[in-house]
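Q: Quick one: this structure, given as structure tokens, is what I'll be asking you about.
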Amino acid sequence: IPATAVINSEAAQLDYVAKALKSSGWELGAHGLNNSSGNAKMTRAEEEAHFKRCLDDLEASLGTRPATWLTPGFSVTERTPEIAAKSGVKAFLDFVDDDVPYDIVHSESGARTLCLPYCMETNDFSLVLTKHFDARQYAQAIEDHVRQLAKEPGEKVVCLGMHTFVAGTPARVLALSEAFGRLKACPEVRFATAAQVYDAVRKPR
């Protein structure tokens, strides 16, 4: 299944982490410097420097500059999408408000940011840690969510936010893998990375 891994730049500076990520075959996106430093209280200059340092460090560690961004803890400012666009980010995952991708157009620069909404309804923190779903309930909730949207008219996007220490534990992988197998067989469903969704949206119709 294609996947986008969003990574803290400080974690990627560890050699064994960088090696695993580079060999994974995943799209590699940016997830700030670490999970403790949000953007919410930053000045514009601080936030611009934060983006530059994160993207520069990830490029140095991984060999490619990420074009997908998710701010840790959704700790954003009103400037975050604009700064992301100016920093070369193409796919922006910080909003949780829709199931259809949409553009933010920045009035001063004219830059466009494609927002791929992050789905809290299928997030492992929401379902497992907050609602205390067991492995089967968690997998079934994801499958039900995706199948329902697939039945509705129009193309939709569901961001399946997963963490290795929650969804990736052995107790949850079996049910999740079975649900993914059924969804892969569903003709209305396609798994894709953030970059692949971006390319599909931007493709001339």
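Each chain in the structure tokens gets a letter, A, B and so on, in the order shown; residues start at 1 in every chain, and ligands are counted from 1 in the order they appear.
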For A:Asp57, work out the shell of residues within 8 Å, counting only C-alpha atoms and skipping chain neighbours fewer than 2 positions away, then give it as JSON, numbers by chain.

A: {"A": [9, 10, 13, 53, 54, 55, 59, 60, 61]}

Q: Based on the selection just made, write N, CA and C atoms of those residues as a JSON list (two decimals), in the first residue's frame.

A:
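What landed in part.json:
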```
[["chain", "number", "residue", "atom", "x", "y", "z"],
["A", 9, "SER", "N", 12.31, 16.33, 11.59],
["A", 9, "SER", "CA", 13.66, 16.43, 11.02],
["A", 9, "SER", "C", 14.73, 16.00, 12.02],
["A", 10, "GLU", "N", 14.49, 16.20, 13.31],
["A", 10, "GLU", "CA", 15.49, 15.78, 14.31],
["A", 10, "GLU", "C", 15.60, 14.25, 14.37],
["A", 13, "GLN", "N", 17.74, 12.73, 11.62],
["A", 13, "GLN", "CA", 19.19, 12.91, 11.72],
["A", 13, "GLN", "C", 19.87, 11.68, 12.34],
["A", 53, "ARG", "N", 14.62, 25.40, 8.30],
["A", 53, "ARG", "CA", 15.50, 24.46, 9.00],
["A", 53, "ARG", "C", 14.99, 23.03, 8.87],
["A", 54, "CYS", "N", 13.69, 22.83, 9.06],
["A", 54, "CYS", "CA", 13.12, 21.48, 8.95],
["A", 54, "CYS", "C", 13.33, 20.90, 7.57],
["A", 55, "LEU", "N", 12.98, 21.64, 6.53],
["A", 55, "LEU", "CA", 13.09, 21.13, 5.16],
["A", 55, "LEU", "C", 14.54, 20.96, 4.75],
["A", 59, "GLU", "N", 16.15, 17.30, 3.85],
["A", 59, "GLU", "CA", 16.82, 17.10, 2.57],
["A", 59, "GLU", "C", 18.24, 16.57, 2.77],
["A", 60, "ALA", "N", 18.93, 17.12, 3.76],
["A", 60, "ALA", "CA", 20.29, 16.66, 4.04],
["A", 60, "ALA", "C", 20.31, 15.22, 4.54],
["A", 61, "SER", "N", 19.32, 14.84, 5.34],
["A", 61, "SER", "CA", 19.29, 13.49, 5.93],
["A", 61, "SER", "C", 18.78, 12.44, 4.95]]
```

Q: Give me the residues within 10 Å of A:Pro81 as a list in words, counting only C-alpha atoms and dropping any in the same chain fewer than 4 places off.

A: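 The filter keeps Trp69, Val76, Thr77, Ala85, Lys86, Ser87, Val89, Phe92, Leu93, Asp94, Phe95, Ile104, Val105, His106, Ala111, Arg112, Thr113, Leu114 and Cys115 of chain A.
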
Q: Any chance you could export the current selection's all heavy atoms as a short mmCIF file (atom, residue, chain, number, x, y, z; two decimals), in the first residue's frame?

A:
```cif
data_model
loop_
_atom_site.label_atom_id
_atom_site.label_comp_id
_atom_site.auth_asym_id
_atom_site.auth_seq_id
_atom_site.Cartn_x
_atom_site.Cartn_y
_atom_site.Cartn_z
N TRP A 69 3.56 18.51 3.97
CA TRP A 69 3.80 19.05 5.32
C TRP A 69 2.61 18.79 6.23
O TRP A 69 1.45 19.00 5.85
CB TRP A 69 4.04 20.55 5.24
CG TRP A 69 4.27 21.21 6.57
CD1 TRP A 69 3.31 21.61 7.47
CD2 TRP A 69 5.54 21.52 7.17
NE1 TRP A 69 3.91 22.16 8.59
CE2 TRP A 69 5.28 22.12 8.42
CE3 TRP A 69 6.86 21.37 6.75
CZ2 TRP A 69 6.29 22.56 9.27
CZ3 TRP A 69 7.87 21.80 7.60
CH2 TRP A 69 7.58 22.39 8.84
N VAL A 76 -0.76 25.52 14.55
CA VAL A 76 -0.53 26.39 13.40
C VAL A 76 -0.83 27.85 13.73
O VAL A 76 -1.45 28.15 14.75
CB VAL A 76 -1.39 25.95 12.19
CG1 VAL A 76 -1.05 24.53 11.80
CG2 VAL A 76 -2.87 26.07 12.51
N THR A 77 -0.41 28.74 12.83
CA THR A 77 -0.79 30.14 12.88
C THR A 77 -1.59 30.46 11.63
O THR A 77 -1.68 29.63 10.71
CB THR A 77 0.46 31.05 12.93
OG1 THR A 77 1.10 31.02 11.63
CG2 THR A 77 1.45 30.59 13.97
N ALA A 85 3.59 27.34 1.50
CA ALA A 85 3.61 27.50 0.05
C ALA A 85 4.90 28.16 -0.41
O ALA A 85 5.54 27.72 -1.38
CB ALA A 85 2.41 28.33 -0.40
N LYS A 86 5.33 29.20 0.30
CA LYS A 86 6.57 29.89 -0.06
C LYS A 86 7.79 29.00 0.13
O LYS A 86 8.82 29.21 -0.51
CB LYS A 86 6.73 31.16 0.79
CG LYS A 86 5.78 32.28 0.40
CD LYS A 86 6.03 33.52 1.26
CE LYS A 86 5.14 34.68 0.84
NZ LYS A 86 5.38 35.88 1.68
N SER A 87 7.66 27.99 0.99
CA SER A 87 8.77 27.08 1.27
C SER A 87 8.82 25.91 0.29
O SER A 87 9.70 25.05 0.42
CB SER A 87 8.65 26.54 2.70
OG SER A 87 8.65 27.60 3.64
N VAL A 89 6.19 23.75 -0.26
CA VAL A 89 5.26 22.67 0.10
C VAL A 89 4.10 22.66 -0.89
O VAL A 89 3.50 23.70 -1.18
CB VAL A 89 4.74 22.86 1.54
CG1 VAL A 89 3.61 21.88 1.84
CG2 VAL A 89 5.88 22.69 2.53
N PHE A 92 -0.59 20.09 1.76
CA PHE A 92 -0.65 20.63 3.13
C PHE A 92 -1.72 19.86 3.89
O PHE A 92 -2.88 19.82 3.46
CB PHE A 92 -0.98 22.11 3.05
CG PHE A 92 -0.91 22.86 4.33
CD1 PHE A 92 0.30 23.14 4.95
CD2 PHE A 92 -2.07 23.34 4.94
CE1 PHE A 92 0.36 23.86 6.13
CE2 PHE A 92 -2.02 24.06 6.12
CZ PHE A 92 -0.80 24.32 6.71
N LEU A 93 -1.37 19.26 5.03
CA LEU A 93 -2.26 18.33 5.72
C LEU A 93 -2.83 18.86 7.03
O LEU A 93 -3.40 18.10 7.79
CB LEU A 93 -1.50 17.02 6.02
CG LEU A 93 -0.79 16.34 4.86
CD1 LEU A 93 -0.09 15.08 5.35
CD2 LEU A 93 -1.74 16.02 3.73
N ASP A 94 -2.73 20.15 7.28
CA ASP A 94 -3.02 20.67 8.61
C ASP A 94 -4.50 20.90 8.92
O ASP A 94 -4.83 21.18 10.08
CB ASP A 94 -2.28 21.99 8.84
CG ASP A 94 -0.83 21.78 9.23
OD1 ASP A 94 -0.40 20.62 9.34
OD2 ASP A 94 -0.12 22.78 9.41
N PHE A 95 -5.38 20.83 7.95
CA PHE A 95 -6.79 21.12 8.21
C PHE A 95 -7.60 19.84 8.28
O PHE A 95 -7.31 18.85 7.60
CB PHE A 95 -7.35 22.06 7.14
CG PHE A 95 -6.68 23.41 7.13
CD1 PHE A 95 -6.27 24.00 5.95
CD2 PHE A 95 -6.44 24.09 8.31
CE1 PHE A 95 -5.65 25.24 5.94
CE2 PHE A 95 -5.81 25.33 8.32
CZ PHE A 95 -5.42 25.91 7.12
N ILE A 104 -5.99 26.76 -1.15
CA ILE A 104 -5.94 28.09 -0.55
C ILE A 104 -5.07 28.94 -1.47
O ILE A 104 -3.96 28.55 -1.81
CB ILE A 104 -5.32 28.06 0.86
CG1 ILE A 104 -6.24 27.35 1.84
CG2 ILE A 104 -5.04 29.47 1.36
CD1 ILE A 104 -5.69 27.27 3.24
N VAL A 105 -5.60 30.08 -1.90
CA VAL A 105 -4.85 31.00 -2.75
C VAL A 105 -4.43 32.18 -1.89
O VAL A 105 -5.26 32.85 -1.28
CB VAL A 105 -5.69 31.48 -3.96
CG1 VAL A 105 -4.86 32.41 -4.83
CG2 VAL A 105 -6.19 30.29 -4.77
N HIS A 106 -3.13 32.45 -1.85
CA HIS A 106 -2.59 33.50 -1.00
C HIS A 106 -2.60 34.81 -1.79
O HIS A 106 -1.96 34.94 -2.83
CB HIS A 106 -1.19 33.12 -0.55
CG HIS A 106 -1.18 31.77 0.12
ND1 HIS A 106 -1.65 31.56 1.39
CD2 HIS A 106 -0.80 30.55 -0.34
CE1 HIS A 106 -1.54 30.28 1.70
NE2 HIS A 106 -1.03 29.65 0.66
N ALA A 111 0.37 32.46 -4.61
CA ALA A 111 0.72 31.05 -4.45
C ALA A 111 -0.51 30.24 -4.06
O ALA A 111 -1.39 30.73 -3.35
CB ALA A 111 1.81 30.90 -3.40
N ARG A 112 -0.54 28.99 -4.53
CA ARG A 112 -1.66 28.10 -4.22
C ARG A 112 -1.16 26.95 -3.36
O ARG A 112 -0.12 26.36 -3.64
CB ARG A 112 -2.28 27.54 -5.50
CG ARG A 112 -2.77 28.60 -6.47
CD ARG A 112 -3.28 27.99 -7.76
NE ARG A 112 -4.56 27.36 -7.56
CZ ARG A 112 -5.72 28.00 -7.67
NH1 ARG A 112 -5.74 29.29 -7.97
NH2 ARG A 112 -6.86 27.37 -7.51
N THR A 113 -1.89 26.66 -2.32
CA THR A 113 -1.58 25.52 -1.45
C THR A 113 -2.72 24.52 -1.57
O THR A 113 -3.88 24.88 -1.34
CB THR A 113 -1.45 25.96 0.02
OG1 THR A 113 -0.46 26.99 0.12
CG2 THR A 113 -1.06 24.79 0.90
N LEU A 114 -2.40 23.27 -1.92
CA LEU A 114 -3.43 22.24 -1.98
C LEU A 114 -3.58 21.62 -0.59
O LEU A 114 -2.63 21.05 -0.05
CB LEU A 114 -3.08 21.16 -2.99
CG LEU A 114 -4.15 20.07 -3.15
CD1 LEU A 114 -5.43 20.65 -3.74
CD2 LEU A 114 -3.65 18.91 -3.99
N CYS A 115 -4.77 21.75 -0.04
CA CYS A 115 -5.05 21.19 1.28
C CYS A 115 -5.66 19.79 1.11
O CYS A 115 -6.69 19.64 0.45
CB CYS A 115 -6.02 22.08 2.04
SG CYS A 115 -5.35 23.72 2.37
#
```

Q: Among stretch 5-193 of chain A, which residues does DSSP mark as helix (DSSP H, G or I) when it is run on the backbone? Keep the chain and numbering as in the structure and answer as an NGL selection string.

A: :A and (9-12 or 15-22 or 44-62 or 72-74 or 80-86 or 124-130 or 135-151 or 170-184)

Q: Report, in Å to a single decimal, how far apart atom CA of A:Ala135 and atom CA of A:Arg172 are.

A: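 Result for atom CA of A:Arg172 versus atom CA of A:Ala135: 4.8 Å, one decimal.
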
Q: Excluding stretch 118-127 of chain A and residues on its chain fewer than 5 positions from it, collect all residues at most 12 Å away from it, counting only C-alpha atoms, and give them as JSON, numbers by chain.

A: {"A": [69, 70, 71, 73, 74, 91, 92, 93, 94, 95, 96, 97, 98, 99, 100, 101, 132, 133, 134, 135, 136, 137, 138, 139, 140, 141, 142, 143, 144, 145, 146, 156, 157, 158, 159, 160, 161, 162, 163, 164, 165, 166, 167, 168, 169, 172, 176, 194]}

Q: As a PyMOL selection string, list the residues of chain A assigned to strand (DSSP E) by DSSP on the backbone atoms of this structure.

A: chain A and resi 4-7+27-30+68-69+91-92+102-105+112-115
